[in-house]
>>> print(open('work30.cif').read())   # mmCIF, C-alpha atoms
data_upload
#
loop_
_atom_site.label_atom_id
_atom_site.label_comp_id
_atom_site.auth_asym_id
_atom_site.auth_seq_id
_atom_site.Cartn_x
_atom_site.Cartn_y
_atom_site.Cartn_z
CA MET A 908 -44.27 -210.63 30.45
CA SER A 909 -46.37 -213.02 28.42
CA SER A 910 -44.62 -215.82 26.65
CA TYR A 911 -46.29 -214.94 23.37
CA PHE A 912 -47.62 -211.94 21.47
CA VAL A 913 -51.17 -212.06 20.08
CA MET A 914 -52.20 -209.74 17.24
CA PRO A 915 -55.00 -207.66 18.82
CA LEU A 916 -58.29 -208.28 17.09
CA GLN A 917 -60.86 -208.35 19.86
CA GLN A 918 -60.99 -204.55 20.08
CA ASN A 919 -61.42 -204.05 16.35
CA LYS A 920 -64.26 -201.52 16.09
CA PHE A 921 -64.69 -202.45 12.45
CA HIS A 922 -66.79 -205.36 13.72
CA TYR A 923 -70.52 -205.07 14.21
CA ASP A 924 -72.67 -208.12 14.80
CA ASN A 925 -69.66 -210.23 13.92
CA LYS A 926 -69.27 -208.58 10.51
CA PRO A 927 -66.42 -206.24 9.58
CA CYS A 928 -67.53 -202.75 8.70
CA TYR A 929 -65.76 -200.85 5.92
CA HIS A 930 -66.04 -197.11 5.82
CA THR A 931 -66.38 -195.20 2.56
CA GLN A 932 -66.54 -191.47 2.00
CA ASN A 933 -70.31 -191.28 2.12
CA ARG A 934 -71.51 -194.30 4.00
CA THR A 935 -70.69 -197.37 6.02
CA GLU A 936 -71.07 -200.76 4.38
CA ILE A 937 -71.53 -204.06 6.16
CA ARG A 938 -69.55 -206.84 4.55
CA PRO A 939 -69.51 -210.59 5.16
CA LYS A 940 -67.11 -211.46 7.92
CA GLN A 941 -63.53 -212.20 6.92
CA VAL A 942 -61.91 -214.68 9.25
CA ILE A 943 -58.70 -213.27 10.67
CA LYS A 944 -56.69 -215.89 12.47
CA HIS A 945 -55.07 -215.00 15.77
CA GLN A 946 -51.37 -215.34 15.23
CA LYS A 947 -49.07 -216.37 18.04
CA VAL A 948 -45.51 -215.17 17.73
CA TYR A 949 -43.20 -215.98 20.59
CA SER A 950 -41.74 -212.86 22.14
CA HIS A 951 -38.22 -214.22 22.64
CA ASN A 952 -38.04 -214.68 18.84
CA ILE A 953 -39.96 -211.67 17.58
CA SER A 954 -38.06 -209.14 19.68
CA ASN A 955 -34.86 -210.13 17.89
CA ILE A 956 -36.27 -209.66 14.36
CA HIS A 957 -35.38 -206.26 12.96
CA PHE A 958 -36.06 -204.63 9.59
CA GLY A 959 -33.51 -201.87 9.56
CA SER A 960 -34.18 -199.58 12.50
CA ARG A 961 -37.21 -201.25 14.16
CA SER A 962 -38.31 -204.69 15.28
CA ILE A 963 -41.24 -206.45 13.63
CA ASN A 964 -42.91 -206.54 17.05
CA HIS A 965 -43.01 -202.74 17.27
CA LEU A 966 -44.03 -202.38 13.62
CA TYR A 967 -46.97 -204.73 14.05
CA GLU A 968 -48.04 -203.02 17.27
CA GLU A 969 -48.26 -199.66 15.52
CA TYR A 970 -49.84 -201.17 12.39
CA ASN A 971 -52.49 -202.97 14.46
CA TRP A 972 -53.23 -199.87 16.47
CA TYR A 973 -54.05 -197.84 13.38
CA ILE A 974 -56.27 -200.63 12.00
CA ASN A 975 -58.06 -201.58 15.22
CA HIS A 976 -58.30 -198.31 17.14
CA ASP A 977 -57.92 -195.60 14.50
CA HIS A 978 -60.29 -197.31 12.02
CA THR A 979 -57.77 -196.98 9.20
CA PRO A 980 -57.64 -199.42 6.23
CA ALA A 981 -54.57 -201.66 6.22
CA ILE A 982 -52.79 -199.94 3.32
CA ASN A 983 -53.32 -196.52 4.89
CA SER A 984 -52.21 -197.84 8.28
CA PHE A 985 -48.98 -199.07 6.70
CA LEU A 986 -48.36 -195.66 5.14
CA LYS A 987 -48.78 -193.94 8.52
CA ILE A 988 -45.78 -195.72 10.02
CA GLU A 989 -42.59 -193.66 10.08
CA ALA A 990 -39.43 -195.66 9.38
CA ASP A 991 -36.66 -195.85 6.79
CA LYS A 992 -37.31 -197.47 3.39
CA LYS A 993 -35.36 -200.64 4.18
CA THR A 994 -37.40 -201.21 7.31
CA MET A 995 -40.73 -200.57 5.59
CA ASP A 996 -39.84 -202.74 2.61
CA GLY A 997 -38.97 -205.64 4.92
CA PHE A 998 -42.16 -205.13 6.90
CA LEU A 999 -44.26 -205.11 3.72
CA THR A 1000 -42.59 -208.37 2.66
CA ALA A 1001 -43.56 -209.89 6.01
CA ILE A 1002 -47.18 -208.74 5.56
CA LEU A 1003 -47.40 -210.10 2.00
CA ASN A 1004 -45.94 -213.44 3.04
CA THR A 1005 -48.62 -213.97 5.70
CA GLU A 1006 -51.90 -215.22 4.20
CA ASP A 1007 -54.44 -213.42 6.38
CA ARG A 1008 -52.37 -210.25 6.63
CA SER A 1009 -51.80 -210.10 2.86
CA TYR A 1010 -55.51 -210.61 2.15
CA GLN A 1011 -56.39 -207.77 4.52
CA PHE A 1012 -53.74 -205.50 2.96
CA ILE A 1013 -54.70 -206.19 -0.67
CA ASP A 1014 -58.41 -205.97 0.09
CA SER A 1015 -57.87 -202.49 1.49
CA LEU A 1016 -56.20 -201.52 -1.80
CA VAL A 1017 -58.85 -203.07 -4.03
CA ARG A 1018 -61.63 -201.29 -2.14
CA GLN A 1019 -60.08 -197.94 -3.07
CA PRO A 1020 -59.74 -198.10 -6.88
CA ARG A 1021 -60.02 -194.33 -7.29
CA GLU A 1022 -57.11 -193.84 -4.88
CA MET A 1023 -54.87 -196.35 -6.65
CA GLY A 1024 -52.69 -193.73 -8.29
CA LYS A 1025 -52.06 -191.87 -5.03
CA LEU A 1026 -51.50 -195.10 -3.11
CA THR A 1027 -49.01 -196.34 -5.73
CA LYS A 1028 -46.99 -193.15 -5.42
CA SER A 1029 -47.13 -193.23 -1.62
CA LEU A 1030 -45.96 -196.85 -1.49
CA GLN A 1031 -43.10 -196.06 -3.86
CA GLU A 1032 -41.99 -193.29 -1.52
CA LYS A 1033 -42.43 -195.53 1.53
CA VAL A 1034 -40.48 -198.63 0.40
CA GLY A 1035 -38.39 -197.34 -2.51
CA GLU A 1036 -39.05 -197.53 -6.24
CA GLU A 1037 -36.78 -200.58 -6.66
CA SER A 1038 -38.79 -202.76 -4.30
CA LYS A 1039 -40.33 -205.86 -5.90
CA ASN A 1040 -43.21 -205.44 -3.46
CA ILE A 1041 -44.60 -202.63 -5.63
CA MET A 1042 -44.01 -204.39 -8.97
CA PRO A 1043 -47.22 -206.45 -9.11
CA PHE A 1044 -46.80 -207.54 -12.74
CA MET A 1045 -43.56 -209.42 -11.97
CA PHE A 1046 -44.33 -213.09 -11.27
CA ASP A 1047 -41.66 -213.34 -8.55
CA SER A 1048 -42.99 -210.23 -6.79
CA PRO A 1049 -44.26 -210.94 -3.25
CA TYR A 1050 -47.25 -208.78 -4.13
CA HIS A 1051 -48.06 -210.80 -7.25
CA LYS A 1052 -47.95 -214.06 -5.29
CA ALA A 1053 -50.12 -212.61 -2.53
CA TYR A 1054 -52.55 -211.09 -5.04
CA THR A 1055 -52.96 -214.46 -6.78
CA LYS A 1056 -54.01 -216.00 -3.46
CA PHE A 1057 -56.30 -213.02 -2.82
CA ILE A 1058 -58.12 -213.52 -6.14
CA GLU A 1059 -58.44 -217.26 -5.55
CA LYS A 1060 -59.96 -216.65 -2.13
CA LYS A 1061 -62.21 -213.86 -3.42
CA TYR A 1062 -63.50 -216.15 -6.15
CA LEU A 1063 -64.09 -218.98 -3.70
CA ASN A 1064 -65.86 -216.90 -1.04
CA SER A 1065 -67.96 -214.44 -3.10
CA HIS A 1066 -71.71 -214.95 -2.75
CA THR A 1067 -72.75 -213.10 -5.91
CA LEU A 1068 -71.26 -212.37 -9.32
CA SER A 1069 -71.63 -208.66 -8.58
CA GLU A 1070 -69.17 -209.08 -5.68
CA LEU A 1071 -66.57 -210.39 -8.11
CA LEU A 1072 -67.28 -207.76 -10.73
CA ARG A 1073 -66.96 -205.00 -8.17
CA VAL A 1074 -63.31 -206.03 -7.78
CA ARG A 1075 -62.53 -205.94 -11.52
CA PRO A 1076 -64.45 -206.22 -14.83
CA ASP A 1077 -62.16 -208.56 -16.78
CA TRP A 1078 -63.14 -211.96 -15.39
CA LYS A 1079 -63.18 -214.68 -18.04
CA GLY A 1080 -66.63 -215.68 -19.18
CA ASP A 1081 -66.21 -219.38 -18.38
CA VAL A 1082 -64.95 -218.46 -14.90
CA LEU A 1083 -68.13 -216.47 -14.22
CA LEU A 1084 -70.33 -219.22 -15.66
CA GLU A 1085 -68.70 -221.80 -13.40
CA LYS A 1086 -69.08 -219.54 -10.36
CA HIS A 1087 -72.77 -219.14 -11.16
CA ARG A 1088 -73.17 -222.93 -11.29
CA GLN A 1089 -71.51 -223.21 -7.89
CA LEU A 1090 -73.80 -220.56 -6.41
CA LYS A 1091 -77.11 -221.46 -8.07
CA GLY A 1092 -76.69 -225.06 -9.20
CA ASN A 1093 -77.95 -224.29 -12.71
CA ASP A 1094 -76.92 -222.70 -16.02
CA TYR A 1095 -79.51 -219.92 -15.96
CA PHE A 1096 -76.86 -217.20 -15.86
CA GLU A 1097 -77.90 -213.78 -14.52
CA ILE A 1098 -76.20 -210.70 -13.08
CA GLY A 1099 -78.02 -208.21 -10.86
CA ASN A 1100 -81.72 -208.03 -10.07
CA ILE A 1101 -84.95 -207.41 -11.95
CA PRO A 1102 -86.34 -203.98 -10.97
CA LYS A 1103 -89.39 -204.11 -8.72
CA GLU A 1104 -91.41 -202.12 -11.30
CA PHE A 1105 -91.70 -205.33 -13.34
CA PRO A 1106 -93.85 -207.68 -11.20
CA HIS A 1107 -95.24 -211.13 -12.05
CA ASN A 1108 -92.68 -211.91 -14.77
CA HIS A 1109 -93.74 -208.81 -16.66
CA LEU A 1110 -90.14 -208.18 -17.64
CA PHE A 1111 -89.90 -211.44 -19.60
CA THR A 1112 -93.31 -210.92 -21.20
CA ILE A 1113 -92.17 -207.47 -22.29
CA ALA A 1114 -88.91 -208.93 -23.60
CA ASP A 1115 -90.83 -211.49 -25.68
CA TYR A 1116 -93.03 -208.69 -27.02
CA LEU A 1117 -90.02 -206.54 -27.96
CA LYS A 1118 -88.21 -209.50 -29.50
CA ASN A 1119 -90.72 -209.33 -32.34
CA GLN A 1120 -89.72 -205.67 -32.86
CA MET A 1121 -86.01 -206.41 -33.15
CA GLU A 1122 -84.19 -205.72 -36.41
CA VAL A 1123 -80.87 -206.84 -37.87
CA GLY A 1124 -78.53 -204.58 -39.82
CA LEU A 1125 -79.61 -201.06 -40.76
CA LYS A 1126 -82.35 -199.78 -38.44
CA GLN A 1127 -84.78 -196.86 -38.64
CA LYS A 1128 -87.09 -195.09 -36.22
CA LYS A 1129 -90.45 -196.73 -35.63
CA ASP A 1130 -93.38 -196.63 -33.25
CA ILE A 1131 -94.17 -199.54 -30.91
CA ASN A 1132 -97.67 -200.02 -29.52
CA ASN A 1133 -98.24 -200.01 -25.76
CA LEU A 1134 -98.58 -203.30 -23.89
CA LYS A 1135 -101.09 -203.88 -21.07
CA LEU A 1136 -100.35 -206.58 -18.47
CA ASP A 1137 -102.53 -207.12 -15.36
CA ASN A 1138 -104.00 -203.62 -15.73
CA ARG A 1139 -100.50 -202.17 -15.96
CA GLU A 1140 -99.74 -200.36 -19.21
CA TYR A 1141 -96.17 -200.11 -20.48
CA GLU A 1142 -95.02 -197.66 -23.14
CA PHE A 1143 -92.06 -198.07 -25.51
CA LYS A 1144 -89.67 -196.19 -27.69
CA PHE A 1145 -87.20 -197.54 -30.26
CA PHE A 1146 -83.82 -195.86 -29.77
CA THR A 1147 -81.63 -197.75 -32.23
CA GLU A 1148 -80.77 -195.98 -35.46
CA GLY A 1149 -78.22 -196.79 -38.13
CA ARG A 1150 -76.26 -200.03 -38.19
CA SER A 1151 -75.86 -201.83 -34.87
CA ASP A 1152 -75.77 -205.40 -33.63
CA LYS A 1153 -77.92 -204.38 -30.64
CA ASN A 1154 -81.53 -203.25 -30.38
CA VAL A 1155 -82.23 -200.58 -27.77
CA PHE A 1156 -85.73 -199.93 -26.42
CA GLY A 1157 -87.05 -197.37 -23.94
CA VAL A 1158 -89.56 -198.97 -21.53
CA PHE A 1159 -91.73 -196.70 -19.39
CA THR A 1160 -93.75 -198.13 -16.48
CA PRO A 1161 -97.15 -196.92 -15.17
CA GLU A 1162 -95.26 -195.28 -12.26
CA HIS A 1163 -93.36 -193.18 -14.84
CA LYS A 1164 -90.14 -195.07 -14.14
CA LYS A 1165 -87.90 -195.25 -17.19
CA TYR A 1166 -85.67 -198.13 -18.23
CA VAL A 1167 -83.68 -199.19 -21.26
CA PHE A 1168 -83.76 -202.73 -22.61
CA LYS A 1169 -80.78 -203.77 -24.71
CA MET A 1170 -81.39 -206.92 -26.73
CA ALA A 1171 -79.55 -208.93 -29.36
CA PRO A 1172 -80.05 -212.29 -31.10
CA GLU A 1173 -79.49 -215.20 -28.71
CA GLU A 1174 -76.91 -216.79 -31.02
CA SER A 1175 -74.62 -213.76 -30.58
CA ARG A 1176 -74.49 -213.96 -26.78
CA SER A 1177 -71.06 -213.99 -25.17
CA LEU A 1178 -69.26 -212.84 -22.04
CA ASP A 1179 -65.98 -212.28 -23.90
CA ASN A 1180 -66.61 -211.01 -27.45
CA PRO A 1181 -66.48 -207.40 -28.65
CA PHE A 1182 -69.88 -205.65 -28.66
CA ALA A 1183 -71.58 -208.58 -26.86
CA LEU A 1184 -74.14 -207.62 -24.23
CA GLY A 1185 -72.50 -210.04 -21.79
CA THR A 1186 -69.13 -208.35 -22.18
CA LEU A 1187 -70.84 -205.01 -21.70
CA ALA A 1188 -72.61 -206.35 -18.59
CA LYS A 1189 -69.27 -207.21 -16.97
CA ILE A 1190 -67.95 -203.71 -17.57
CA ASP A 1191 -71.16 -201.96 -16.53
CA THR A 1192 -71.54 -204.05 -13.38
CA TYR A 1193 -68.03 -202.94 -12.40
CA LEU A 1194 -68.96 -199.31 -13.02
CA THR A 1195 -72.37 -199.56 -11.33
CA THR A 1196 -71.17 -201.35 -8.19
CA ASN A 1197 -68.37 -198.78 -7.86
CA ARG A 1198 -70.96 -195.97 -8.18
CA SER A 1199 -69.56 -194.33 -11.31
CA ARG A 1200 -71.21 -191.06 -12.28
CA ASN A 1201 -70.08 -191.38 -15.92
CA SER A 1202 -72.06 -194.51 -16.79
CA ALA A 1203 -75.72 -195.55 -17.08
CA PRO A 1204 -76.52 -197.88 -14.13
CA LEU A 1205 -77.03 -201.55 -15.04
CA CYS A 1206 -79.87 -203.30 -13.21
CA TYR A 1207 -80.00 -206.78 -14.70
CA TYR A 1208 -78.43 -209.03 -17.34
CA ASN A 1209 -79.88 -212.34 -18.58
CA HIS A 1210 -77.44 -214.48 -20.55
CA ASP A 1211 -79.95 -216.98 -22.00
CA ARG A 1212 -82.12 -214.21 -23.42
CA ASN A 1213 -79.11 -212.04 -24.32
CA MET A 1214 -80.70 -208.94 -22.82
CA SER A 1215 -79.86 -206.22 -20.31
CA VAL A 1216 -81.92 -203.72 -18.32
CA TYR A 1217 -80.49 -200.28 -17.52
CA LYS A 1218 -81.76 -197.22 -15.74
CA TYR A 1219 -82.80 -194.67 -18.35
CA ILE A 1220 -80.55 -191.63 -18.77
CA GLU A 1221 -82.11 -188.39 -19.98
CA HIS A 1222 -80.66 -187.65 -23.42
CA THR A 1223 -79.24 -184.18 -22.80
CA PRO A 1224 -76.87 -183.49 -25.72
CA VAL A 1225 -73.24 -182.77 -24.94
CA ASP A 1226 -71.97 -179.34 -25.95
CA ASN A 1227 -69.39 -180.50 -28.47
CA PRO A 1228 -69.60 -184.18 -29.51
CA SER A 1229 -66.18 -185.53 -30.44
CA LYS A 1230 -64.45 -188.62 -31.82
CA ASP A 1231 -61.17 -187.56 -30.20
CA MET A 1232 -60.37 -190.15 -27.52
CA LYS A 1233 -58.46 -187.56 -25.49
CA VAL A 1234 -61.57 -185.33 -25.40
CA ILE A 1235 -63.77 -188.29 -24.51
CA SER A 1236 -61.43 -189.28 -21.69
CA GLU A 1237 -61.40 -185.73 -20.30
CA HIS A 1238 -65.19 -185.77 -20.04
CA LEU A 1239 -65.31 -189.23 -18.43
CA PRO A 1240 -62.71 -188.80 -15.65
CA ASP A 1241 -64.29 -191.42 -13.37
CA PHE A 1242 -63.56 -194.06 -16.01
CA LYS A 1243 -59.87 -193.22 -15.74
CA GLU A 1244 -59.94 -193.26 -11.94
CA LEU A 1245 -61.50 -196.73 -12.06
CA GLY A 1246 -58.83 -197.97 -14.47
CA LEU A 1247 -60.83 -197.86 -17.71
CA SER A 1248 -59.81 -196.11 -20.91
CA TYR A 1249 -61.49 -195.99 -24.32
CA ASN A 1250 -59.66 -197.86 -27.07
CA ASP A 1251 -61.79 -196.76 -30.06
CA THR A 1252 -64.46 -194.23 -30.97
CA VAL A 1253 -67.05 -196.45 -32.63
CA GLY A 1254 -69.74 -195.35 -30.17
CA TYR A 1255 -68.89 -191.66 -30.01
CA LYS A 1256 -72.60 -190.70 -30.23
CA ASN A 1257 -73.43 -192.57 -27.03
CA TYR A 1258 -72.58 -189.70 -24.67
CA PHE A 1259 -74.96 -187.35 -22.90
CA ARG A 1260 -74.36 -184.45 -20.57
CA LEU A 1261 -74.33 -185.18 -16.85
CA ASN A 1262 -76.94 -183.06 -15.06
CA TYR A 1263 -79.34 -183.14 -12.11
CA ASN A 1264 -82.10 -184.57 -14.30
CA SER A 1265 -79.97 -187.41 -15.71
CA ASN A 1266 -81.38 -190.04 -13.36
CA GLU A 1267 -82.19 -190.23 -9.64
CA ASP A 1268 -79.63 -193.03 -9.14
CA ILE A 1269 -76.89 -190.97 -10.80
CA ARG A 1270 -77.35 -188.24 -8.18
CA ASN A 1271 -76.05 -190.70 -5.54
CA THR A 1272 -72.86 -191.61 -7.38
CA GLU A 1273 -69.29 -190.82 -6.39
CA GLY A 1274 -68.33 -187.19 -7.06
CA PHE A 1275 -71.65 -186.31 -8.73
CA SER A 1276 -71.69 -182.60 -7.80
CA GLN A 1277 -68.10 -182.17 -8.93
CA GLY A 1278 -68.99 -183.86 -12.21
CA ILE A 1279 -71.80 -181.36 -12.80
CA GLU A 1280 -69.43 -178.46 -12.18
CA ASN A 1281 -66.86 -179.90 -14.59
CA ASN A 1282 -69.36 -180.46 -17.42
CA GLU A 1283 -68.80 -184.22 -17.48
CA TRP A 1284 -70.58 -186.76 -19.67
CA ILE A 1285 -72.42 -190.06 -19.19
CA SER A 1286 -71.62 -192.95 -21.49
CA VAL A 1287 -74.42 -195.40 -22.30
CA ASP A 1288 -72.36 -197.92 -24.30
CA ASN A 1289 -69.08 -198.94 -22.68
CA ASP A 1290 -67.87 -201.95 -24.67
CA HIS A 1291 -64.88 -200.12 -26.14
CA VAL A 1292 -62.64 -199.94 -23.07
CA THR A 1293 -59.37 -201.31 -21.72
CA TYR A 1294 -58.88 -202.10 -18.03
CA ASN A 1295 -55.63 -201.48 -16.16
CA LEU A 1296 -54.94 -200.63 -12.51
CA HIS A 1297 -51.46 -200.82 -11.02
CA PHE A 1298 -52.20 -203.14 -8.09
CA GLN A 1299 -54.69 -205.28 -10.03
CA PRO A 1300 -52.46 -207.53 -12.19
CA PRO A 1301 -54.33 -210.04 -14.39
CA ILE A 1302 -54.26 -213.63 -13.12
CA SER A 1303 -54.33 -215.85 -16.21
CA LYS A 1304 -56.57 -218.49 -14.64
CA TYR A 1305 -59.29 -215.93 -13.90
CA ASN A 1306 -58.78 -212.81 -16.04
CA ALA A 1307 -58.33 -211.92 -19.70
CA PRO A 1308 -58.01 -208.56 -21.49
CA LEU A 1309 -61.31 -206.94 -22.32
CA PRO A 1310 -62.05 -207.20 -26.06
CA ASN A 1311 -62.10 -204.18 -28.32
CA ALA A 1312 -63.67 -203.31 -31.65
CA MET A 1313 -60.48 -203.73 -33.66
CA GLN A 1314 -60.51 -207.45 -32.88
CA MET A 1315 -63.53 -207.68 -35.17
CA PHE A 1316 -61.50 -206.57 -38.20
CA PHE A 1317 -58.00 -208.02 -37.72
#
>>> encode(input="work30.cif", output="structure tokens")
Amino acid sequence: MSSYFVMPLQQNKFHYDNKPCYHTQNRTEIRPKQVIKHQKVYSHNISNIHFGSRSINHLYEEYNWYINHDHTPAINSFLKIEADKKTMDGFLTAILNTEDRSYQFIDSLVRQPREMGKLTKSLQEKVGEESKNIMPFMFDSPYHKAYTKFIEKKYLNSHTLSELLRVRPDWKGDVLLEKHRQLKGNDYFEIGNIPKEFPHNHLFTIADYLKNQMEVGLKQKKDINNLKLDNREYEFKFFTEGRSDKNVFGVFTPEHKKYVFKMAPEESRSLDNPFALGTLAKIDTYLTTNRSRNSAPLCYYNHDRNMSVYKYIEHTPVDNPSKDMKVISEHLPDFKELGLSYNDTVGYKNYFRLNYNSNEDIRNTEGFSQGIENNEWISVDNDHVTYNLHFQPPISKYNAPLPNAMQMFF
């Protein structure tokens, strides 16, 4: 018998070309390698550690087998183990108190935001409802302590802002600005990528052209002349009506690709204020990177210019427009699954019916066909939402509540 027990990692079939591979419902994604340290635990000690009915050695053997051989995420592997609540609660404490193990466990939760409700209920049944391990908003909870370290490590190791915003949308603006400086070495803050249909800085030339068409206060329909750049002719439409702090333009490329430019005065830019395009970009990046079918996909946000570029959504009217937040929520179920809920109805006209012609990118979103069957909507203005997921507690250094419209009046 060996004098020590090594957590088996070398047979982990999640690894491909030295990068762990995470499986989703529809595809396999290659992620940057997470370093998992080999842990040595001496057998003459570990065999004597018991949580209720089973030793930690046996628990880890089964847990590792599900992860490494059965290709099961850590949280789901934990839930597969059969043991009494006292045993499972003690085992979960051991996992959360080990840095690499806790990161792996929490990461497997965060990567399944739509399953958070089911996973919360399953964990409650597995370890008991009184366990502090499933009370993430308590500061002395082992989960809260482990999650704080997870967020710190995620912030340190992320290579793009979109990686951070895929985890949660409520990062503080100054935190994102500082991360951008670390990544790019400048203050030219951007999220996402300029669509390929705008070559040779055409996007910024178009933005400068449209800037002269912007209006403040009450707005009315108007025509905008075409713009020709390098033998490429772009067409435009002014979508903003009524009173709004944003200007919204339709931009149509020579290839018949359709985009929406949202623009506002540069002095109103913010990553934290209600209605600000930067605040909206955080929320929409979260929705876009999580493949939400109920939201217009965001392509690109430029902080200096205070502008965003979205994929155009065909304006198919909803059957019965409503200001009732309960009705709105029922027609945007993927918002709820991703932890977002509307907190006011200022933008109640910004909904369109989800259908096969909405947009080619929308057809590849999570649960698209089901959304069509259920007569769901697409929202094109999402800055009136609150974020809350059970196992995603806010960490004050990094996160702050998303603003809402009522903050403008009280």
>>> atom_distance(input="work30.cif", atom1="CA of Pro1076 (chain A)", atom2="CA of Ile1013 (chain A)")
17.2 Å
>>> residues_near_point(input="work30.cif", point="(-63.6, -222.1, -4.5)", cutoff="12 Å", atoms="all atoms listed in the file", output="list in words")
Lys1056, Phe1057, Ile1058, Glu1059, Lys1060, Lys1061, Tyr1062, Leu1063, Asn1064, Ser1065, His1066, Val1082, Glu1085, Lys1086, His1087, Arg1088, Gln1089 and Leu1090 of chain A
>>> closest_atom_pairs(input="work30.cif", of="region 1173-1209 of chain A", to="region 1263-1282 of chain A", cutoff="9 Å", atoms="only C-alpha atoms", output="tab-separated table")
residue	atom	partner	partner_atom	distance
A:Thr1195	CA	A:Thr1272	CA	8.9
A:Asn1197	CA	A:Glu1273	CA	8.1
A:Arg1198	CA	A:Thr1272	CA	4.8
A:Ser1199	CA	A:Thr1272	CA	5.8
A:Arg1200	CA	A:Thr1272	CA	5.2
A:Asn1201	CA	A:Gly1278	CA	8.5
A:Ser1202	CA	A:Ile1269	CA	8.5
A:Ala1203	CA	A:Ile1269	CA	7.9
A:Pro1204	CA	A:Asp1268	CA	7.6
>>> write_last_selection(input="work30.cif", atoms="C-alpha atoms", output="PDB file, in the coordinates of the input")
ATOM      1  CA  THR A1195     -72.370-199.560 -11.330  1.00  0.00           C
ATOM      2  CA  ASN A1197     -68.370-198.780  -7.860  1.00  0.00           C
ATOM      3  CA  ARG A1198     -70.960-195.970  -8.180  1.00  0.00           C
ATOM      4  CA  SER A1199     -69.560-194.330 -11.310  1.00  0.00           C
ATOM      5  CA  ARG A1200     -71.210-191.060 -12.280  1.00  0.00           C
ATOM      6  CA  ASN A1201     -70.080-191.380 -15.920  1.00  0.00           C
ATOM      7  CA  SER A1202     -72.060-194.510 -16.790  1.00  0.00           C
ATOM      8  CA  ALA A1203     -75.720-195.550 -17.080  1.00  0.00           C
ATOM      9  CA  PRO A1204     -76.520-197.880 -14.130  1.00  0.00           C
TER      10      PRO A1204
END
>>> resolve_selection(input="work30.cif", expression="the PyMOL selection byres ((chain A and resi 1022) around 12)", output="ChimeraX atom specification")
/A:931-932,982-983,1015-1021,1023-1029,1241,1243-1246,1296-1298
>>> resolve_selection(input="work30.cif", expression="the PyMOL selection byres ((chain A and resi 1139) around 12)", output="list of chain:residue names")
A:Glu1104, A:Phe1105, A:Pro1106, A:His1107, A:His1109, A:Ile1113, A:Asn1133, A:Leu1134, A:Lys1135, A:Leu1136, A:Asp1137, A:Asn1138, A:Glu1140, A:Tyr1141, A:Glu1142, A:Phe1159, A:Thr1160, A:Pro1161, A:Glu1162, A:His1163
>>> decode(input="work30.cif", residues="region 1244-1281 of chain A", atoms="C-alpha atoms", output="mmCIF file, in the first residue's frame")
data_model
loop_
_atom_site.group_PDB
_atom_site.id
_atom_site.type_symbol
_atom_site.label_atom_id
_atom_site.label_comp_id
_atom_site.auth_asym_id
_atom_site.auth_seq_id
_atom_site.Cartn_x
_atom_site.Cartn_y
_atom_site.Cartn_z
ATOM 1 C CA GLU A 1244 -33.311 31.758 -15.043
ATOM 2 C CA LEU A 1245 -30.192 33.918 -15.333
ATOM 3 C CA GLY A 1246 -31.039 35.777 -12.125
ATOM 4 C CA LEU A 1247 -32.414 38.997 -13.628
ATOM 5 C CA SER A 1248 -35.770 40.575 -12.847
ATOM 6 C CA TYR A 1249 -37.311 43.843 -14.022
ATOM 7 C CA ASN A 1250 -37.641 46.519 -11.349
ATOM 8 C CA ASP A 1251 -39.657 49.098 -13.322
ATOM 9 C CA THR A 1252 -41.638 49.422 -16.544
ATOM 10 C CA VAL A 1253 -40.133 52.579 -18.026
ATOM 11 C CA GLY A 1254 -39.142 50.745 -21.212
ATOM 12 C CA TYR A 1255 -42.266 48.650 -21.662
ATOM 13 C CA LYS A 1256 -42.362 49.420 -25.418
ATOM 14 C CA ASN A 1257 -38.943 47.844 -25.977
ATOM 15 C CA TYR A 1258 -40.231 44.284 -26.429
ATOM 16 C CA PHE A 1259 -40.694 42.362 -29.658
ATOM 17 C CA ARG A 1260 -41.969 38.883 -30.347
ATOM 18 C CA LEU A 1261 -39.399 36.097 -30.557
ATOM 19 C CA ASN A 1262 -39.620 34.333 -33.920
ATOM 20 C CA TYR A 1263 -37.469 32.568 -36.508
ATOM 21 C CA ASN A 1264 -36.853 35.841 -38.343
ATOM 22 C CA SER A 1265 -35.742 37.760 -35.239
ATOM 23 C CA ASN A 1266 -32.035 37.419 -35.983
ATOM 24 C CA GLU A 1267 -29.725 34.616 -37.141
ATOM 25 C CA ASP A 1268 -27.727 34.791 -33.883
ATOM 26 C CA ILE A 1269 -30.889 34.458 -31.794
ATOM 27 C CA ARG A 1270 -31.633 31.109 -33.455
ATOM 28 C CA ASN A 1271 -28.507 29.689 -31.764
ATOM 29 C CA THR A 1272 -29.435 30.766 -28.247
ATOM 30 C CA GLU A 1273 -30.325 28.568 -25.292
ATOM 31 C CA GLY A 1274 -33.864 27.160 -25.514
ATOM 32 C CA PHE A 1275 -34.750 29.072 -28.695
ATOM 33 C CA SER A 1276 -37.289 26.566 -30.081
ATOM 34 C CA GLN A 1277 -39.026 26.314 -26.726
ATOM 35 C CA GLY A 1278 -39.185 30.100 -26.576
ATOM 36 C CA ILE A 1279 -40.929 30.207 -29.956
ATOM 37 C CA GLU A 1280 -43.497 27.672 -28.781
ATOM 38 C CA ASN A 1281 -44.158 29.645 -25.602
#
